[in-house]
Amino acid sequence: MYLVTAAGNIILVTACVCDARLHTPMYFFLVNLSFLDICYSSVTVPNMLVQLLTTRTISFTGCAAQMYTYLLLGCTECLLLAVMAYDRYVAILFPLRYTVIMSSSVCITLASCCWISGSVMSLLDTIFTLQLPLCGSYVINHFFCEATTLIKMACVDTFATEMVIFSVGIFVLLLPSFFTMLSYVRIIVTILRIPSSAGRQKAFSTCASHLIVVTIFYGTAIFMYMKPVSKDSSNQDKMISVFYTVTPPMLNPMIYSLRNKDVKMSLKKLAQGHICH
């Protein structure tokens, strides 16, 4: 699954970068998403595979670095998916002004804001989690260093840390998912007003891929992070963590390429040896 994730996203990035027809705001954000997915899965999955095969330990510094990077990429992806919903909102509701509203400078600014906000939010989560004193055998009952798992190992009251994680979750999960939902309500209402069935079908196909991605990613992440942390380790929590760490990055390039004619044409030309044009 990791090899499929890496290969699929690298191919998608290559197709978008090399095909001049895909140099649009939609594919600019898609390249950012694919890059995030490559890094997101690479932070946890290779080390997870090593841990499953050996009894190798991870240092405190390594655990902290993994936690921060994982949270950085996850928070950034949550915000980026909301920006992609805004891009589709502008494309459907204001098609004649789309290129003016979503100019290159605006796209770069929006993507930069996602990365900067993600880094700040993840730093808050990491600092508040790592300052907790840990008890017991220092064995993490998980496949990687996740904040909620380390909180379960703490010797002191973790209310403040849990409130920080919950507050960050509101900013990077609930608000973006709510904004995305509102955007798609407006988009669907606008699409239903299109007189021709061909126009409605084309508009729906443009947005359906992104809607599938956000439903999978937001749904599992909200279930994990927007609930009280239980001191009892749960195998269900571990499975869900692995699911949203491994599955969405693997499915994203398949969803976008299989449901998008422009991407499929670009991939076909890429396979025929027309590398960049």
# chains A, B, ... in the order shown; residues from 1 in each chain; ligands from 1
$ residues_around --residues "range 202-218 of chain A" --least-positions-apart "4" --cutoff "7 Å" --atoms "only C-alpha atoms" --output "MDAnalysis selection string"
chainID A and resid 81 88 173 177 191 198 222 244 248 252 255:256 259
$ write_last_selection --atoms "N, CA and C atoms" --output "PDB file, in the first residue's frame"
ATOM      1  N   LEU A  81      -7.726  20.959   2.000  1.00  0.00           N
ATOM      2  CA  LEU A  81      -8.965  20.412   1.449  1.00  0.00           C
ATOM      3  C   LEU A  81     -10.076  21.463   1.464  1.00  0.00           C
ATOM      4  N   ARG A  88     -13.321  25.080  -5.985  1.00  0.00           N
ATOM      5  CA  ARG A  88     -14.456  24.539  -6.747  1.00  0.00           C
ATOM      6  C   ARG A  88     -15.681  25.461  -6.631  1.00  0.00           C
ATOM      7  N   LEU A 173     -10.142  21.105  11.863  1.00  0.00           N
ATOM      8  CA  LEU A 173     -11.052  20.042  11.441  1.00  0.00           C
ATOM      9  C   LEU A 173     -12.498  20.515  11.307  1.00  0.00           C
ATOM     10  N   SER A 177     -14.197  21.630   7.767  1.00  0.00           N
ATOM     11  CA  SER A 177     -15.239  20.704   7.289  1.00  0.00           C
ATOM     12  C   SER A 177     -16.584  21.413   7.175  1.00  0.00           C
ATOM     13  N   ILE A 191     -25.474  23.912  -9.372  1.00  0.00           N
ATOM     14  CA  ILE A 191     -25.418  22.903 -10.429  1.00  0.00           C
ATOM     15  C   ILE A 191     -26.822  22.472 -10.854  1.00  0.00           C
ATOM     16  N   ALA A 198     -25.944  17.744 -19.709  1.00  0.00           N
ATOM     17  CA  ALA A 198     -24.504  17.584 -19.942  1.00  0.00           C
ATOM     18  C   ALA A 198     -23.714  18.547 -19.067  1.00  0.00           C
ATOM     19  N   ILE A 222     -12.069  13.476  12.460  1.00  0.00           N
ATOM     20  CA  ILE A 222     -12.973  14.033  13.473  1.00  0.00           C
ATOM     21  C   ILE A 222     -13.322  12.971  14.516  1.00  0.00           C
ATOM     22  N   TYR A 244      -6.746   6.205   8.359  1.00  0.00           N
ATOM     23  CA  TYR A 244      -6.667   7.537   7.759  1.00  0.00           C
ATOM     24  C   TYR A 244      -5.235   7.967   7.496  1.00  0.00           C
ATOM     25  N   PRO A 248      -6.398   7.214   2.753  1.00  0.00           N
ATOM     26  CA  PRO A 248      -6.635   8.399   1.916  1.00  0.00           C
ATOM     27  C   PRO A 248      -5.467   8.769   0.998  1.00  0.00           C
ATOM     28  N   ASN A 252      -6.300   8.889  -2.984  1.00  0.00           N
ATOM     29  CA  ASN A 252      -6.416  10.207  -3.606  1.00  0.00           C
ATOM     30  C   ASN A 252      -6.006  10.235  -5.083  1.00  0.00           C
ATOM     31  N   ILE A 255      -8.614   8.289  -7.150  1.00  0.00           N
ATOM     32  CA  ILE A 255      -9.903   8.985  -7.259  1.00  0.00           C
ATOM     33  C   ILE A 255      -9.805  10.127  -8.256  1.00  0.00           C
ATOM     34  N   TYR A 256      -8.760  10.934  -8.140  1.00  0.00           N
ATOM     35  CA  TYR A 256      -8.639  12.101  -9.009  1.00  0.00           C
ATOM     36  C   TYR A 256      -8.330  11.715 -10.450  1.00  0.00           C
ATOM     37  N   ARG A 259     -11.506   9.700 -12.194  1.00  0.00           N
ATOM     38  CA  ARG A 259     -12.723  10.468 -12.391  1.00  0.00           C
ATOM     39  C   ARG A 259     -12.482  11.769 -13.154  1.00  0.00           C
TER      40      ARG A 259
END
$ closest_residue --among "A:Ile165, A:Cys63, A:Ile92, A:Val263" --to "Ser122 in chain A" --atoms "only C-alpha atoms"
A:Ile165
$ residues_around --residues "Leu123 in chain A" --least-positions-apart "6" --cutoff "9 Å" --atoms "only C-alpha atoms" --output "MDAnalysis selection string"
chainID A and resid 68 71:72
$ write_last_selection --atoms "C-alpha atoms" --output "compact mmCIF listing (two decimals), in the first residue's frame"
# COMPACT_ATOMS: atom_id res chain seq x y z
CA TYR A 68 5.32 17.10 14.99
CA LEU A 71 0.59 16.66 12.87
CA LEU A 72 2.04 19.34 10.57
$ closest_residue --among "A:Gly118, A:Lys264, A:Thr14, A:Leu132" --to "Cys75 in chain A" --atoms "only C-alpha atoms"
A:Gly118
$ select_by_dssp --residues "range 12-78 of chain A" --states "alpha helix (DSSP H)" --output "mmCIF file with N, CA, C and O atoms, in the first residue's frame"
data_model
loop_
_atom_site.group_PDB
_atom_site.id
_atom_site.type_symbol
_atom_site.label_atom_id
_atom_site.label_comp_id
_atom_site.auth_asym_id
_atom_site.auth_seq_id
_atom_site.Cartn_x
_atom_site.Cartn_y
_atom_site.Cartn_z
ATOM 1 N N LEU A 12 1.065 11.340 -10.413
ATOM 2 C CA LEU A 12 0.082 12.408 -10.539
ATOM 3 C C LEU A 12 0.745 13.785 -10.527
ATOM 4 O O LEU A 12 0.393 14.660 -11.323
ATOM 5 N N VAL A 13 1.727 13.972 -9.648
ATOM 6 C CA VAL A 13 2.468 15.242 -9.603
ATOM 7 C C VAL A 13 3.204 15.468 -10.916
ATOM 8 O O VAL A 13 3.182 16.571 -11.483
ATOM 9 N N THR A 14 3.844 14.421 -11.438
ATOM 10 C CA THR A 14 4.577 14.529 -12.698
ATOM 11 C C THR A 14 3.649 14.913 -13.838
ATOM 12 O O THR A 14 3.973 15.785 -14.659
ATOM 13 N N ALA A 15 2.481 14.287 -13.892
ATOM 14 C CA ALA A 15 1.515 14.592 -14.959
ATOM 15 C C ALA A 15 1.050 16.040 -14.873
ATOM 16 O O ALA A 15 0.962 16.742 -15.895
ATOM 17 N N CYS A 16 0.756 16.512 -13.678
ATOM 18 C CA CYS A 16 0.262 17.885 -13.502
ATOM 19 C C CYS A 16 1.340 18.923 -13.806
ATOM 20 O O CYS A 16 1.054 19.986 -14.360
ATOM 21 N N VAL A 17 2.579 18.617 -13.448
ATOM 22 C CA VAL A 17 3.673 19.565 -13.677
ATOM 23 C C VAL A 17 4.050 19.612 -15.155
ATOM 24 O O VAL A 17 4.329 20.684 -15.709
ATOM 25 N N CYS A 18 4.039 18.470 -15.810
ATOM 26 C CA CYS A 18 4.522 18.391 -17.186
ATOM 27 C C CYS A 18 3.491 18.809 -18.234
ATOM 28 O O CYS A 18 3.870 19.224 -19.330
ATOM 29 N N PRO A 25 -5.443 26.579 -11.226
ATOM 30 C CA PRO A 25 -5.526 26.545 -9.760
ATOM 31 C C PRO A 25 -5.921 25.188 -9.195
ATOM 32 O O PRO A 25 -5.358 24.736 -8.200
ATOM 33 N N MET A 26 -6.886 24.523 -9.831
ATOM 34 C CA MET A 26 -7.350 23.225 -9.334
ATOM 35 C C MET A 26 -6.192 22.231 -9.240
ATOM 36 O O MET A 26 -6.032 21.528 -8.226
ATOM 37 N N TYR A 27 -5.378 22.167 -10.283
ATOM 38 C CA TYR A 27 -4.279 21.194 -10.298
ATOM 39 C C TYR A 27 -3.081 21.676 -9.486
ATOM 40 O O TYR A 27 -2.287 20.865 -9.017
ATOM 41 N N PHE A 28 -2.954 22.988 -9.295
ATOM 42 C CA PHE A 28 -1.929 23.508 -8.392
ATOM 43 C C PHE A 28 -2.177 22.984 -6.979
ATOM 44 O O PHE A 28 -1.262 22.515 -6.292
ATOM 45 N N PHE A 29 -3.426 23.048 -6.529
ATOM 46 C CA PHE A 29 -3.755 22.540 -5.200
ATOM 47 C C PHE A 29 -3.682 21.018 -5.161
ATOM 48 O O PHE A 29 -3.328 20.440 -4.130
ATOM 49 N N LEU A 30 -3.993 20.364 -6.272
ATOM 50 C CA LEU A 30 -3.891 18.909 -6.331
ATOM 51 C C LEU A 30 -2.443 18.448 -6.203
ATOM 52 O O LEU A 30 -2.159 17.451 -5.537
ATOM 53 N N VAL A 31 -1.524 19.187 -6.804
ATOM 54 C CA VAL A 31 -0.091 18.877 -6.652
ATOM 55 C C VAL A 31 0.326 19.029 -5.193
ATOM 56 O O VAL A 31 1.067 18.197 -4.650
ATOM 57 N N ASN A 32 -0.141 20.093 -4.547
ATOM 58 C CA ASN A 32 0.143 20.276 -3.124
ATOM 59 C C ASN A 32 -0.398 19.115 -2.297
ATOM 60 O O ASN A 32 0.272 18.620 -1.383
ATOM 61 N N LEU A 33 -1.622 18.669 -2.624
ATOM 62 C CA LEU A 33 -2.227 17.552 -1.896
ATOM 63 C C LEU A 33 -1.433 16.268 -2.095
ATOM 64 O O LEU A 33 -1.193 15.519 -1.133
ATOM 65 N N SER A 34 -0.995 16.011 -3.321
ATOM 66 C CA SER A 34 -0.219 14.794 -3.595
ATOM 67 C C SER A 34 1.124 14.829 -2.877
ATOM 68 O O SER A 34 1.573 13.813 -2.335
ATOM 69 N N PHE A 35 1.768 16.001 -2.867
ATOM 70 C CA PHE A 35 3.038 16.137 -2.138
ATOM 71 C C PHE A 35 2.827 15.890 -0.648
ATOM 72 O O PHE A 35 3.623 15.198 0.000
ATOM 73 N N LEU A 36 1.741 16.436 -0.103
ATOM 74 C CA LEU A 36 1.411 16.206 1.306
ATOM 75 C C LEU A 36 1.198 14.722 1.580
ATOM 76 O O LEU A 36 1.672 14.195 2.596
ATOM 77 N N ASP A 37 0.492 14.043 0.685
ATOM 78 C CA ASP A 37 0.192 12.626 0.886
ATOM 79 C C ASP A 37 1.447 11.770 0.858
ATOM 80 O O ASP A 37 1.564 10.802 1.620
ATOM 81 N N ILE A 38 2.394 12.108 -0.020
ATOM 82 C CA ILE A 38 3.661 11.370 -0.062
ATOM 83 C C ILE A 38 4.386 11.512 1.271
ATOM 84 O O ILE A 38 4.844 10.530 1.864
ATOM 85 N N CYS A 39 4.490 12.748 1.752
ATOM 86 C CA CYS A 39 5.191 13.007 3.012
ATOM 87 C C CYS A 39 4.419 12.421 4.193
ATOM 88 O O CYS A 39 5.007 11.843 5.119
ATOM 89 N N TYR A 40 3.093 12.556 4.176
ATOM 90 C CA TYR A 40 2.233 12.119 5.267
ATOM 91 C C TYR A 40 2.383 10.619 5.524
ATOM 92 O O TYR A 40 2.539 10.183 6.676
ATOM 93 N N SER A 41 2.352 9.844 4.451
ATOM 94 C CA SER A 41 2.497 8.397 4.615
ATOM 95 C C SER A 41 3.946 8.005 4.908
ATOM 96 O O SER A 41 4.198 7.031 5.625
ATOM 97 N N SER A 42 4.915 8.774 4.393
ATOM 98 C CA SER A 42 6.329 8.446 4.600
ATOM 99 C C SER A 42 6.781 8.698 6.037
ATOM 100 O O SER A 42 7.750 8.092 6.500
ATOM 101 N N VAL A 43 6.094 9.588 6.739
ATOM 102 C CA VAL A 43 6.459 9.895 8.122
ATOM 103 C C VAL A 43 6.181 8.712 9.043
ATOM 104 O O VAL A 43 6.915 8.475 10.002
ATOM 105 N N THR A 44 5.131 7.954 8.755
ATOM 106 C CA THR A 44 4.708 6.887 9.669
ATOM 107 C C THR A 44 4.883 5.477 9.125
ATOM 108 O O THR A 44 5.337 4.585 9.847
ATOM 109 N N VAL A 45 4.529 5.248 7.867
ATOM 110 C CA VAL A 45 4.422 3.867 7.372
ATOM 111 C C VAL A 45 5.764 3.123 7.333
ATOM 112 O O VAL A 45 5.829 1.984 7.816
ATOM 113 N N PRO A 46 6.857 3.687 6.782
ATOM 114 C CA PRO A 46 8.117 2.923 6.774
ATOM 115 C C PRO A 46 8.569 2.521 8.173
ATOM 116 O O PRO A 46 8.976 1.376 8.399
ATOM 117 N N ASN A 47 8.494 3.458 9.122
ATOM 118 C CA ASN A 47 8.883 3.128 10.499
ATOM 119 C C ASN A 47 7.922 2.112 11.105
ATOM 120 O O ASN A 47 8.333 1.227 11.872
ATOM 121 N N MET A 48 6.636 2.209 10.758
ATOM 122 C CA MET A 48 5.647 1.247 11.229
ATOM 123 C C MET A 48 5.995 -0.164 10.751
ATOM 124 O O MET A 48 5.921 -1.140 11.512
ATOM 125 N N LEU A 49 6.404 -0.274 9.493
ATOM 126 C CA LEU A 49 6.764 -1.580 8.942
ATOM 127 C C LEU A 49 7.992 -2.165 9.644
ATOM 128 O O LEU A 49 8.055 -3.364 9.911
ATOM 129 N N VAL A 50 8.948 -1.296 9.952
ATOM 130 C CA VAL A 50 10.140 -1.746 10.685
ATOM 131 C C VAL A 50 9.750 -2.247 12.072
ATOM 132 O O VAL A 50 10.228 -3.291 12.536
ATOM 133 N N GLN A 51 8.877 -1.498 12.761
ATOM 134 C CA GLN A 51 8.449 -1.884 14.106
ATOM 135 C C GLN A 51 7.710 -3.221 14.103
ATOM 136 O O GLN A 51 7.818 -4.004 15.055
ATOM 137 N N LEU A 52 6.962 -3.493 13.048
ATOM 138 C CA LEU A 52 6.223 -4.752 12.966
ATOM 139 C C LEU A 52 7.144 -5.949 12.759
ATOM 140 O O LEU A 52 6.815 -7.074 13.125
ATOM 141 N N LEU A 53 8.304 -5.699 12.168
ATOM 142 C CA LEU A 53 9.233 -6.788 11.860
ATOM 143 C C LEU A 53 10.332 -6.965 12.908
ATOM 144 O O LEU A 53 10.965 -8.011 12.984
ATOM 145 N N PHE A 60 13.264 9.507 22.230
ATOM 146 C CA PHE A 60 12.319 10.576 22.560
ATOM 147 C C PHE A 60 12.354 11.661 21.491
ATOM 148 O O PHE A 60 11.306 12.165 21.069
ATOM 149 N N THR A 61 13.561 11.993 21.028
ATOM 150 C CA THR A 61 13.695 13.008 19.967
ATOM 151 C C THR A 61 13.036 12.535 18.679
ATOM 152 O O THR A 61 12.341 13.300 18.002
ATOM 153 N N GLY A 62 13.254 11.268 18.340
ATOM 154 C CA GLY A 62 12.639 10.718 17.134
ATOM 155 C C GLY A 62 11.128 10.692 17.239
ATOM 156 O O GLY A 62 10.415 10.981 16.267
ATOM 157 N N CYS A 63 10.615 10.360 18.424
ATOM 158 C CA CYS A 63 9.176 10.342 18.650
ATOM 159 C C CYS A 63 8.601 11.748 18.513
ATOM 160 O O CYS A 63 7.556 11.946 17.881
ATOM 161 N N ALA A 64 9.302 12.736 19.100
ATOM 162 C CA ALA A 64 8.847 14.127 19.018
ATOM 163 C C ALA A 64 8.838 14.614 17.574
ATOM 164 O O ALA A 64 7.893 15.281 17.127
ATOM 165 N N ALA A 65 9.897 14.277 16.827
ATOM 166 C CA ALA A 65 9.989 14.703 15.425
ATOM 167 C C ALA A 65 8.884 14.066 14.593
ATOM 168 O O ALA A 65 8.264 14.723 13.746
ATOM 169 N N GLN A 66 8.644 12.775 14.839
ATOM 170 C CA GLN A 66 7.585 12.083 14.094
ATOM 171 C C GLN A 66 6.220 12.681 14.410
ATOM 172 O O GLN A 66 5.406 12.917 13.508
ATOM 173 N N MET A 67 5.958 12.958 15.683
ATOM 174 C CA MET A 67 4.673 13.514 16.086
ATOM 175 C C MET A 67 4.448 14.882 15.450
ATOM 176 O O MET A 67 3.377 15.151 14.889
ATOM 177 N N TYR A 68 5.466 15.750 15.537
ATOM 178 C CA TYR A 68 5.316 17.101 14.992
ATOM 179 C C TYR A 68 5.098 17.067 13.481
ATOM 180 O O TYR A 68 4.204 17.733 12.952
ATOM 181 N N THR A 69 5.903 16.276 12.770
ATOM 182 C CA THR A 69 5.798 16.218 11.315
ATOM 183 C C THR A 69 4.465 15.629 10.885
ATOM 184 O O THR A 69 3.818 16.119 9.946
ATOM 185 N N TYR A 70 4.036 14.586 11.581
ATOM 186 C CA TYR A 70 2.750 13.953 11.288
ATOM 187 C C TYR A 70 1.601 14.940 11.478
ATOM 188 O O TYR A 70 0.714 15.063 10.619
ATOM 189 N N LEU A 71 1.634 15.683 12.605
ATOM 190 C CA LEU A 71 0.589 16.665 12.867
ATOM 191 C C LEU A 71 0.652 17.822 11.880
ATOM 192 O O LEU A 71 -0.381 18.326 11.428
ATOM 193 N N LEU A 72 1.867 18.251 11.537
ATOM 194 C CA LEU A 72 2.040 19.342 10.569
ATOM 195 C C LEU A 72 1.387 18.988 9.238
ATOM 196 O O LEU A 72 0.600 19.772 8.677
ATOM 197 N N LEU A 73 1.675 17.806 8.741
ATOM 198 C CA LEU A 73 1.131 17.392 7.445
ATOM 199 C C LEU A 73 -0.373 17.149 7.523
ATOM 200 O O LEU A 73 -1.118 17.495 6.604
ATOM 201 N N GLY A 74 -0.834 16.568 8.633
ATOM 202 C CA GLY A 74 -2.257 16.317 8.789
ATOM 203 C C GLY A 74 -3.066 17.605 8.890
ATOM 204 O O GLY A 74 -4.104 17.746 8.239
ATOM 205 N N CYS A 75 -2.584 18.559 9.708
ATOM 206 C CA CYS A 75 -3.284 19.852 9.846
ATOM 207 C C CYS A 75 -3.282 20.611 8.527
ATOM 208 O O CYS A 75 -4.301 21.203 8.138
ATOM 209 N N THR A 76 -2.153 20.595 7.844
ATOM 210 C CA THR A 76 -2.056 21.292 6.561
ATOM 211 C C THR A 76 -3.013 20.701 5.542
ATOM 212 O O THR A 76 -3.673 21.423 4.782
ATOM 213 N N GLU A 77 -3.128 19.374 5.528
ATOM 214 C CA GLU A 77 -4.038 18.731 4.574
ATOM 215 C C GLU A 77 -5.489 19.068 4.876
ATOM 216 O O GLU A 77 -6.288 19.284 3.957
ATOM 217 N N CYS A 78 -5.847 19.138 6.160
ATOM 218 C CA CYS A 78 -7.216 19.521 6.524
ATOM 219 C C CYS A 78 -7.557 20.903 5.976
ATOM 220 O O CYS A 78 -8.639 21.116 5.416
#
$ residues_around --residues "Met1 in chain A" --least-positions-apart "6" --cutoff "9 Å" --atoms "only C-alpha atoms" --output "list in words"
Val246, Thr247 and Met250 of chain A
